[in-house]
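Data file: input-v4.txt. Format and content: compact mmCIF, C-alpha atoms.
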```txt
# COMPACT_ATOMS: atom_id res chain seq x y z
CA MET A 26 24.29 -19.41 -29.98
CA GLU A 27 26.80 -17.73 -27.76
CA ARG A 28 27.32 -18.97 -24.24
CA ARG A 29 25.80 -16.83 -21.57
CA LYS A 30 26.69 -16.53 -17.98
CA PRO A 31 23.98 -17.94 -15.75
CA LEU A 32 22.09 -15.17 -13.98
CA ARG A 33 22.22 -16.37 -10.45
CA SER A 34 24.34 -13.93 -8.59
CA ARG A 35 21.89 -12.20 -6.28
CA ARG A 36 19.78 -14.67 -4.39
CA ARG A 37 17.21 -13.67 -1.87
CA ARG A 38 18.53 -14.11 1.61
CA VAL A 39 16.36 -15.85 4.18
CA PHE A 40 16.49 -12.83 6.47
CA ASP A 41 16.79 -9.14 5.75
CA TRP A 42 16.26 -5.93 7.64
CA SER A 43 13.19 -4.69 5.79
CA THR A 44 11.40 -7.97 6.52
CA ALA A 45 12.47 -7.81 10.16
CA ALA A 46 11.11 -4.26 10.42
CA ILE A 47 7.79 -5.32 8.89
CA ALA A 48 7.66 -8.30 11.27
CA ALA A 49 8.17 -6.02 14.28
CA ILE A 50 5.44 -3.65 13.05
CA ALA A 51 3.11 -6.62 12.44
CA VAL A 52 3.61 -7.92 16.00
CA ILE A 53 2.93 -4.47 17.48
CA ALA A 54 -0.17 -4.08 15.31
CA ALA A 55 -1.45 -7.56 16.24
CA ALA A 56 -0.92 -6.86 19.95
CA THR A 57 -2.71 -3.51 19.62
CA VAL A 58 -5.71 -5.15 17.97
CA TYR A 59 -5.78 -7.91 20.61
CA TRP A 60 -5.80 -5.52 23.58
CA ARG A 61 -8.05 -2.88 22.05
CA ASP A 62 -10.65 -5.00 20.26
CA GLY A 63 -10.50 -8.35 22.07
CA ARG A 64 -9.80 -11.91 21.22
CA VAL A 65 -12.76 -12.58 18.91
CA HIS A 66 -11.93 -9.68 16.62
CA PHE A 67 -8.24 -10.63 16.64
CA LEU A 68 -9.05 -14.20 15.59
CA ALA A 69 -11.42 -13.02 12.85
CA ILE A 70 -8.68 -10.88 11.28
CA LEU A 71 -6.14 -13.68 11.66
CA ALA A 72 -8.49 -16.11 9.91
CA GLY A 73 -9.01 -13.67 7.03
CA ASP A 74 -5.26 -13.14 6.65
CA LEU A 75 -4.51 -16.86 6.78
CA SER A 76 -7.01 -17.59 4.03
CA LEU A 77 -5.47 -14.84 1.87
CA PHE A 78 -2.05 -16.37 2.56
CA ALA A 79 -3.27 -19.85 1.51
CA GLU A 80 -4.87 -18.38 -1.60
CA MET A 81 -1.58 -16.76 -2.62
CA LEU A 82 0.67 -19.80 -2.24
CA PRO A 83 -0.06 -21.60 -5.54
CA LYS A 84 0.20 -18.29 -7.42
CA VAL A 85 3.50 -17.40 -5.84
CA LEU A 86 4.94 -20.85 -6.55
CA ALA A 87 3.83 -20.49 -10.19
CA GLY A 88 5.34 -17.00 -10.33
CA CYS A 89 8.68 -18.26 -8.96
CA LEU A 90 8.79 -21.12 -11.47
CA ILE A 91 7.90 -18.79 -14.36
CA GLY A 92 10.68 -16.43 -13.32
CA ALA A 93 13.22 -19.25 -12.99
CA PHE A 94 12.38 -20.83 -16.36
CA VAL A 95 12.30 -17.53 -18.23
CA THR A 96 15.68 -16.59 -16.79
CA LEU A 97 17.09 -19.86 -18.09
CA ILE A 98 15.50 -20.10 -21.55
CA LEU A 99 14.71 -16.56 -22.73
CA PRO A 100 16.47 -15.85 -26.04
CA ARG A 101 17.74 -12.44 -24.91
CA GLU A 102 19.53 -11.66 -28.16
CA LEU A 103 16.41 -12.36 -30.23
CA VAL A 104 14.21 -10.11 -28.08
CA ALA A 105 16.87 -7.39 -28.13
CA ARG A 106 16.98 -7.49 -31.92
CA TRP A 107 13.23 -6.85 -32.08
CA VAL A 108 13.36 -3.91 -29.73
CA GLY A 109 16.64 -2.50 -31.01
CA HIS A 110 15.64 -2.25 -34.64
CA GLU A 111 12.40 -0.32 -34.29
CA SER A 112 12.32 3.40 -33.71
CA GLY A 113 9.71 6.13 -33.36
CA LEU A 114 6.41 5.59 -31.61
CA PHE A 115 6.28 2.03 -32.93
CA GLY A 116 9.60 1.23 -31.28
CA LEU A 117 8.28 2.49 -27.93
CA ALA A 118 5.08 0.46 -28.36
CA ILE A 119 7.03 -2.73 -29.19
CA ALA A 120 9.29 -2.18 -26.19
CA ALA A 121 6.26 -1.64 -23.93
CA LEU A 122 4.58 -4.76 -25.35
CA PHE A 123 7.63 -6.86 -24.47
CA GLY A 124 7.58 -5.36 -20.98
CA PHE A 125 3.95 -6.46 -20.67
CA ILE A 126 4.46 -10.06 -21.81
CA LEU A 127 7.91 -10.90 -20.41
CA PRO A 128 7.50 -12.52 -17.02
CA GLY A 129 10.06 -12.72 -14.25
CA GLY A 130 11.70 -10.60 -11.61
CA PRO A 131 14.49 -8.02 -11.67
CA ILE A 132 17.15 -10.68 -12.24
CA THR A 133 15.51 -11.43 -15.61
CA ILE A 134 14.39 -7.99 -16.68
CA TYR A 135 17.38 -5.73 -16.08
CA PRO A 136 19.86 -7.94 -17.98
CA VAL A 137 17.35 -8.08 -20.86
CA ALA A 138 17.13 -4.29 -20.80
CA GLY A 139 20.93 -4.12 -20.71
CA ALA A 140 21.04 -6.39 -23.78
CA PHE A 141 18.66 -3.99 -25.59
CA LEU A 142 21.10 -1.16 -25.03
CA ALA A 143 24.08 -3.27 -26.10
CA MET A 144 22.26 -4.15 -29.32
CA GLY A 145 21.58 -0.53 -30.18
CA ALA A 146 18.11 0.17 -28.78
CA ASP A 147 17.64 3.80 -27.75
CA ALA A 148 17.29 4.66 -24.07
CA GLY A 149 13.65 5.69 -24.67
CA ALA A 150 12.75 2.13 -25.70
CA VAL A 151 14.54 0.71 -22.68
CA VAL A 152 12.71 3.14 -20.38
CA ALA A 153 9.35 2.18 -21.96
CA PHE A 154 10.20 -1.51 -21.54
CA ILE A 155 11.10 -1.29 -17.84
CA THR A 156 8.21 1.06 -17.06
CA CYS A 157 5.69 -1.28 -18.67
CA TRP A 158 7.19 -4.36 -17.01
CA THR A 159 7.03 -2.80 -13.56
CA LEU A 160 3.57 -1.19 -13.93
CA CYS A 161 1.62 -3.55 -16.20
CA GLY A 162 3.52 -6.88 -16.22
CA TYR A 163 1.00 -9.67 -15.89
CA THR A 164 2.90 -11.98 -13.51
CA ARG A 165 3.38 -9.31 -10.90
CA ALA A 166 -0.26 -8.23 -11.15
CA LEU A 167 -1.67 -11.77 -10.99
CA VAL A 168 0.70 -13.23 -8.41
CA TRP A 169 1.04 -10.33 -6.00
CA GLU A 170 -1.34 -7.46 -6.56
CA LEU A 171 -4.58 -9.32 -7.24
CA PRO A 172 -4.73 -11.25 -3.93
CA PHE A 173 -4.10 -8.06 -1.94
CA PHE A 174 -6.28 -5.61 -3.85
CA GLY A 175 -8.92 -7.60 -5.78
CA PRO A 176 -9.74 -7.36 -9.49
CA HIS A 177 -11.53 -3.98 -9.52
CA PHE A 178 -8.58 -2.05 -8.10
CA VAL A 179 -5.93 -3.94 -10.10
CA ILE A 180 -7.70 -3.63 -13.46
CA TRP A 181 -8.30 0.12 -13.07
CA ARG A 182 -4.80 0.77 -11.77
CA ILE A 183 -3.37 -0.96 -14.85
CA VAL A 184 -5.75 0.85 -17.23
CA GLU A 185 -4.58 4.14 -15.76
CA ALA A 186 -0.94 3.02 -16.11
CA LEU A 187 -1.23 2.01 -19.79
CA PRO A 188 -0.16 5.37 -21.31
CA LEU A 189 2.71 5.80 -18.86
CA PRO A 190 5.38 3.56 -20.49
CA ILE A 191 5.10 5.38 -23.82
CA LEU A 192 5.07 8.74 -22.03
CA ALA A 193 8.18 7.82 -20.03
CA GLY A 194 9.93 6.66 -23.21
CA PHE A 195 9.10 9.98 -24.92
CA LEU A 196 10.30 11.99 -21.93
CA ALA A 197 13.56 10.04 -21.90
CA ARG A 198 14.09 10.72 -25.62
CA MET A 199 13.28 14.41 -25.15
CA ALA A 200 15.72 14.67 -22.25
CA LEU A 201 18.45 13.09 -24.37
CA LYS A 202 17.68 15.29 -27.38
CA ALA A 203 17.67 18.44 -25.27
CA GLY A 204 21.05 17.45 -23.85
CA LEU A 205 19.67 17.20 -20.31
CA ALA A 206 21.01 13.66 -20.02
CA ARG A 207 23.57 11.46 -21.69
CA VAL A 208 23.72 7.68 -21.71
CA SER A 209 27.12 7.02 -23.23
CA MET B 4 -11.69 -15.52 -11.11
CA ILE B 5 -9.19 -16.97 -8.63
CA VAL B 6 -9.37 -20.39 -10.30
CA ALA B 7 -8.95 -18.84 -13.76
CA VAL B 8 -5.87 -16.90 -12.61
CA ASN B 9 -4.33 -20.04 -11.16
CA ILE B 10 -5.05 -22.02 -14.33
CA LEU B 11 -3.54 -19.28 -16.50
CA LEU B 12 -0.37 -19.05 -14.40
CA TRP B 13 0.10 -22.82 -14.31
CA LEU B 14 -0.47 -23.07 -18.06
CA VAL B 15 2.40 -20.61 -18.50
CA VAL B 16 4.52 -22.71 -16.10
CA GLY B 17 3.66 -25.85 -18.10
CA GLY B 18 4.53 -24.22 -21.41
CA LEU B 19 7.86 -22.91 -20.12
CA ALA B 20 8.70 -26.26 -18.51
CA MET B 21 8.03 -27.98 -21.83
CA LEU B 22 10.29 -25.53 -23.66
CA ALA B 23 13.00 -26.18 -21.07
CA ALA B 24 12.52 -29.97 -21.32
CA LEU B 25 12.97 -29.79 -25.10
CA ARG B 26 16.40 -28.29 -24.49
CA GLY B 27 17.36 -30.98 -22.06
CA ARG B 28 16.52 -32.59 -18.77
CA ALA B 29 19.19 -30.65 -16.88
CA LEU B 30 17.60 -27.30 -17.83
CA LEU B 31 14.18 -28.51 -16.71
CA GLN B 32 15.58 -29.65 -13.39
CA SER B 33 17.56 -26.51 -12.70
CA GLY B 34 14.55 -24.31 -13.57
CA ALA B 35 12.30 -26.29 -11.24
CA ARG B 36 14.92 -26.22 -8.48
CA ASP B 37 15.62 -22.47 -8.80
CA GLY B 38 11.89 -21.70 -8.76
CA ALA B 39 11.25 -23.93 -5.74
CA ILE B 40 14.17 -22.43 -3.78
CA ASP B 41 12.96 -18.93 -4.56
CA PHE B 42 9.49 -19.88 -3.36
CA LEU B 43 10.76 -21.34 -0.08
CA ARG B 44 12.82 -18.24 0.57
CA LEU B 45 9.82 -16.03 -0.07
CA LEU B 46 7.46 -17.99 2.20
CA PRO B 47 8.35 -16.30 5.51
CA ARG B 48 8.14 -12.88 3.84
CA ILE B 49 4.71 -13.62 2.43
CA ALA B 50 3.45 -14.90 5.76
CA ILE B 51 4.71 -11.79 7.56
CA GLY B 52 3.50 -9.41 4.85
CA VAL B 53 0.02 -10.87 4.46
CA ILE B 54 -0.75 -11.49 8.13
CA GLY B 55 0.94 -8.26 9.15
CA SER B 56 -0.95 -6.09 6.66
CA GLY B 57 -4.30 -7.25 8.01
CA PHE B 58 -3.37 -6.27 11.58
CA VAL B 59 -1.63 -3.06 10.56
CA ALA B 60 -4.71 -1.96 8.62
CA GLU B 61 -6.88 -2.69 11.66
CA ALA B 62 -4.53 -1.05 14.16
CA LEU B 63 -3.86 2.16 12.19
CA PRO B 64 -5.97 4.96 13.60
CA ARG B 65 -8.30 6.12 10.83
CA SER B 66 -8.32 9.58 12.37
CA VAL B 67 -4.65 9.87 11.33
CA ILE B 68 -4.86 8.21 7.90
CA ILE B 69 -7.97 9.95 6.59
CA PRO B 70 -6.84 13.62 6.79
CA TRP B 71 -3.41 12.85 5.29
CA LEU B 72 -4.17 10.14 2.75
CA GLY B 73 -7.96 9.92 2.57
CA PRO B 74 -10.07 10.64 -0.51
CA GLY B 75 -10.27 14.31 0.49
CA SER B 76 -6.49 14.74 0.88
CA GLY B 77 -6.08 15.71 -2.79
CA PHE B 78 -2.72 16.58 -4.28
CA LEU B 79 -0.92 16.72 -0.93
CA GLY B 80 -2.09 13.20 -0.12
CA VAL B 81 -0.91 12.01 -3.53
CA ALA B 82 2.50 13.61 -2.95
CA ILE B 83 2.84 12.05 0.51
CA ALA B 84 1.83 8.65 -0.91
CA ALA B 85 4.33 8.94 -3.80
CA LEU B 86 7.12 9.85 -1.38
CA GLY B 87 6.15 6.89 0.82
CA GLY B 88 6.30 4.60 -2.21
CA ALA B 89 9.76 5.81 -3.14
CA LEU B 90 11.01 5.16 0.40
CA THR B 91 9.41 1.73 0.90
CA PRO B 92 12.13 -0.93 0.93
CA GLY B 93 11.80 -4.60 0.13
CA GLY B 94 10.22 -6.81 -2.50
CA PRO B 95 6.68 -7.15 -3.84
CA VAL B 96 5.24 -8.52 -0.60
CA ILE B 97 6.05 -5.41 1.37
CA GLY B 98 4.96 -2.82 -1.21
CA PHE B 99 1.64 -4.48 -1.87
CA SER B 100 0.91 -5.26 1.78
CA VAL B 101 1.55 -1.64 2.79
CA GLY B 102 -0.66 -0.43 -0.09
CA SER B 103 -3.53 -2.71 0.85
CA ALA B 104 -3.21 -1.78 4.52
CA MET B 105 -3.46 1.91 3.52
CA LEU B 106 -6.54 1.23 1.43
CA LYS B 107 -8.25 -0.77 4.20
CA SER B 108 -7.57 1.89 6.79
CA GLY B 109 -9.23 4.67 4.82
CA ALA B 110 -6.71 6.03 2.29
CA GLY B 111 -8.22 7.21 -1.01
CA ALA B 112 -7.84 5.04 -4.12
CA PRO B 113 -5.92 7.71 -6.12
CA GLN B 114 -3.50 8.07 -3.21
CA VAL B 115 -2.95 4.29 -3.12
CA VAL B 116 -2.51 4.28 -6.92
CA ALA B 117 0.18 6.96 -6.50
CA TYR B 118 1.85 4.92 -3.75
CA SER B 119 1.94 1.68 -5.80
CA THR B 120 3.07 3.47 -8.95
CA ALA B 121 5.89 5.35 -7.21
CA TRP B 122 6.99 2.22 -5.39
CA ALA B 123 6.97 0.20 -8.63
CA LEU B 124 8.86 2.87 -10.60
CA TYR B 125 11.42 4.31 -8.25
CA ALA B 126 11.61 2.65 -4.87
CA VAL B 127 15.07 3.90 -3.92
CA HIS B 128 16.08 0.56 -2.43
CA ARG B 129 15.36 -1.32 -5.71
CA LEU B 130 17.16 1.28 -7.85
CA VAL B 131 20.29 0.94 -5.76
CA MET B 132 20.22 -2.79 -5.03
CA TRP B 133 19.03 -4.19 -8.35
CA GLU B 134 18.86 -1.80 -11.20
CA ALA B 135 22.12 0.14 -10.83
CA PRO B 136 24.36 -2.98 -10.66
CA LEU B 137 22.65 -4.63 -13.66
CA MET B 138 22.21 -1.61 -15.97
CA PRO B 139 24.30 1.36 -17.07
CA PRO B 140 23.85 3.83 -14.18
CA ARG B 141 23.13 6.79 -16.47
CA VAL B 142 20.14 4.96 -17.95
CA VAL B 143 18.92 4.08 -14.46
CA TRP B 144 18.97 7.71 -13.31
CA LEU B 145 17.41 8.92 -16.57
CA ARG B 146 14.61 6.39 -16.13
CA ALA B 147 14.07 7.38 -12.51
CA ALA B 148 14.04 11.08 -13.42
CA VAL B 149 11.49 10.78 -16.22
CA SER B 150 9.37 8.56 -13.95
CA LEU B 151 9.03 11.25 -11.26
CA PRO B 152 5.74 12.71 -12.60
CA LEU B 153 4.13 9.36 -13.48
CA PRO B 154 2.54 8.55 -10.07
CA PHE B 155 0.88 11.99 -10.16
CA ILE B 156 -0.46 11.35 -13.66
CA ALA B 157 -1.78 7.92 -12.65
CA ALA B 158 -3.43 9.40 -9.54
CA GLY B 159 -4.84 12.27 -11.62
CA MET B 160 -6.41 9.78 -14.01
CA ALA B 161 -7.82 7.81 -11.07
CA MET B 162 -9.42 11.03 -9.79
CA MET B 163 -10.78 11.98 -13.23
CA LEU B 164 -12.25 8.56 -13.93
CA ALA B 165 -13.31 8.13 -10.28
CA ARG B 166 -11.99 4.58 -10.45
CA PRO B 167 -10.86 2.35 -8.81
```

Encoding of this model in structure tokens:
Amino acid sequence: MERRKPLRSRRRRVFDWSTAAIAAIAVIAAATVYWRDGRVHFLAILAGDLSLFAEMLPKVLAGCLIGAFVTLILPRELVARWVGHESGLFGLAIAALFGFILPGGPITIYPVAGAFLAMGADAGAVVAFITCWTLCGYTRALVWELPFFGPHFVIWRIVEALPLPILAGFLARMALKAGLARVS
Amino acid sequence: MIVAVNILLWLVVGGLAMLAALRGRALLQSGARDGAIDFLRLLPRIAIGVIGSGFVAEALPRSVIIPWLGPGSGFLGVAIAALGGALTPGGPVIGFSVGSAMLKSGAGAPQVVAYSTAWALYAVHRLVMWEAPLMPPRVVWLRAAVSLPLPFIAAGMAMMLARP
């Protein structure tokens, strides 16, 4: 097997501006609730938020470990061969299926998608893959979305997203065929 | 439900750790270390996002949210939500905490579906920071362009099915 460069270039920094902005908004919101609704109400909301936070921690740790291990051990070339060699609707469905089952964050997924292209997959399959990963991927839904939104919302949102990866893949192919876009 | 989700996720972790261990102790260790470091770096963001979203949802005046993003806001509300999703920076904590704050403060479910879908598909910050450096740029812009109508389709389905 060929040697691959480790994918560890872009680490999350401890501090960034979007988090700082959210922190400032959170403090203003908390102060507003405290002054407007009183201490008891403030503490009730804080308790609810803290229990949600505690509930998320084991999931987030699992999600981080899954992402780290998949980045290290995923046979990218093997997956790319699967996706690259199928065409038509079936090719889009296979690509979407891989998007659904492959866990991990952007540092895992975009290089995999890049490998698909390098191995000859069409841009439609790559679009279907990324769309399905971002909308229906199970780690993101279980780790992040479920604690915030609860099962009813998450399940229906995903059901309504199911046709979208295939649709996006078709649109990408149509755009290429019509000459509206080029990828090489 | 919560327990089952945790068990499922940790089973996946166990399976992947075993696969890594079969390839050598060093791989197992570096996977565990990378994952743990990522987790520690995420902790402050999660704390801010989760605790913040509860207070933001409570502080937001419903009289502002409901006409613009409420269940009666229709297509315009969906369009505003999709635009908001595209402009939301940051990682999963921020997108999902803003979405849940919207929902708690009276936004309609289809509007929140449009927000999450747009944010997942073409948050500008993620396209520029992550996708464009790691993928051929033409493919990135093609993907973003064909994704433009998808939040509207998802929201339309949510309206038709009246769920979530």

At a cut-off of 6 Å, using all atoms listed in the file, what residues contact range 154-166 of chain A? Leave out same-chain residues fewer than 6 positions from it and give the result as a tab-separated table (two decimals) with C-alpha atoms, in the frame of the given file.
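Saved result, around10.tsv, follows:
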```tsv
chain	number	residue	atom	x	y	z
A	120	ALA	CA	9.29	-2.18	-26.19
A	121	ALA	CA	6.26	-1.64	-23.93
A	124	GLY	CA	7.58	-5.36	-20.98
A	125	PHE	CA	3.95	-6.46	-20.67
A	128	PRO	CA	7.50	-12.52	-17.02
A	183	ILE	CA	-3.37	-0.96	-14.85
A	190	PRO	CA	5.38	3.56	-20.49
B	123	ALA	CA	6.97	0.20	-8.63
```

Excluding range 91-95 of chain B and its own-chain neighbours fewer than 5 positions away, which residues fall within 9 Å of it when counting all atoms listed in the file? Please give them as a JSON list (two decimals) with C-alpha atoms, in the frame of the given file.
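Written output follows (part_17.json):
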```
[["chain", "number", "residue", "atom", "x", "y", "z"],
["A", 41, "ASP", "CA", 16.79, -9.14, 5.75],
["A", 42, "TRP", "CA", 16.26, -5.93, 7.64],
["A", 43, "SER", "CA", 13.19, -4.69, 5.79],
["A", 44, "THR", "CA", 11.40, -7.97, 6.52],
["A", 165, "ARG", "CA", 3.38, -9.31, -10.90],
["A", 169, "TRP", "CA", 1.04, -10.33, -6.00],
["A", 170, "GLU", "CA", -1.34, -7.46, -6.56],
["B", 86, "LEU", "CA", 7.12, 9.85, -1.38],
["B", 100, "SER", "CA", 0.91, -5.26, 1.78],
["B", 101, "VAL", "CA", 1.55, -1.64, 2.79],
["B", 122, "TRP", "CA", 6.99, 2.22, -5.39],
["B", 123, "ALA", "CA", 6.97, 0.20, -8.63],
["B", 126, "ALA", "CA", 11.61, 2.65, -4.87],
["B", 127, "VAL", "CA", 15.07, 3.90, -3.92],
["B", 128, "HIS", "CA", 16.08, 0.56, -2.43],
["B", 129, "ARG", "CA", 15.36, -1.32, -5.71]]
```

Contact residues around Gly175 in chain A with only C-alpha atoms at 12 Å, ignoring same-chain residues under 4 positions, as a PyMOL selection string: (chain A and resi 77+166-171+179-182) or (chain B and resi 4-5+8+99+103+106+167)

Which neighbours of Val143 in chain B fall inside 9 Å, counting all atoms listed in the file, when residues of the same chain fewer than 6 positions from it are skipped, and could you give them as a PDB file with C-alpha atoms, in the coordinates of the input?
```pdb
ATOM      1  CA  VAL A 152      12.710   3.140 -20.380  1.00  0.00           C
TER       2      VAL A 152
ATOM      3  CA  LEU B 130      17.160   1.280  -7.850  1.00  0.00           C
ATOM      4  CA  GLU B 134      18.860  -1.800 -11.200  1.00  0.00           C
ATOM      5  CA  ALA B 135      22.120   0.140 -10.830  1.00  0.00           C
TER       6      ALA B 135
END
```

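Computed from the coordinates, the CA of Ala153 in chain A to CA of Ala147 in chain B distance equals 11.8 Å.
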
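Here CA of Leu12 in chain B and CA of Leu45 in chain B stand 17.8 Å from one another.
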
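Near chain B, the residues of chain A that fall inside 6 Å (using all atoms listed in the file) are Val39, Ser43, Ala48, Ala51, Ala54, Ala55, Val58, Asp74, Leu86, Cys89, Leu90, Ile91, Ala93, Phe94, Tyr135, Gly139, Val152, Thr159, Phe178, Trp181, Glu185, Ala193, Leu196 and Val208 of chain A.
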
Box for range 120-129 of chain B: with edges along x, y and z, all listed atoms inside and 5 Å added on each side, what are the centre and edge lengths in Å to one decimal, as lines of an AutoDock Vina configuration file?
```
center_x = 9.6
center_y = 2.0
center_z = -6.5
size_x = 23.0
size_y = 16.7
size_z = 18.2
```

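Among the candidates A:Phe78, A:Phe173, A:Trp107, A:Phe123, the one nearest to Gly145 in chain A when counting only C-alpha atoms is A:Trp107.
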
Save C-alpha atoms of range 30-48 of chain B from the block above as a compact mmCIF listing (two decimals), in the first residue's frame.
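The result, stored in selection08.txt:
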```txt
# COMPACT_ATOMS: atom_id res chain seq x y z
CA LEU B 30 -1.65 3.65 15.45
CA LEU B 31 -3.96 2.89 18.36
CA GLN B 32 -2.15 5.39 20.55
CA SER B 33 -2.06 8.16 17.99
CA GLY B 34 -5.77 7.70 17.20
CA ALA B 35 -6.68 7.86 20.88
CA ARG B 36 -4.44 10.90 21.40
CA ASP B 37 -5.76 12.78 18.35
CA GLY B 38 -9.37 12.09 19.38
CA ALA B 39 -8.76 13.17 22.99
CA ILE B 40 -7.01 16.39 21.92
CA ASP B 41 -9.84 17.21 19.54
CA PHE B 42 -12.33 16.64 22.35
CA LEU B 43 -10.46 18.89 24.79
CA ARG B 44 -10.28 21.64 22.20
CA LEU B 45 -13.99 21.35 21.53
CA LEU B 46 -15.01 21.46 25.22
CA PRO B 47 -15.09 25.25 25.66
CA ARG B 48 -17.03 25.61 22.40
```
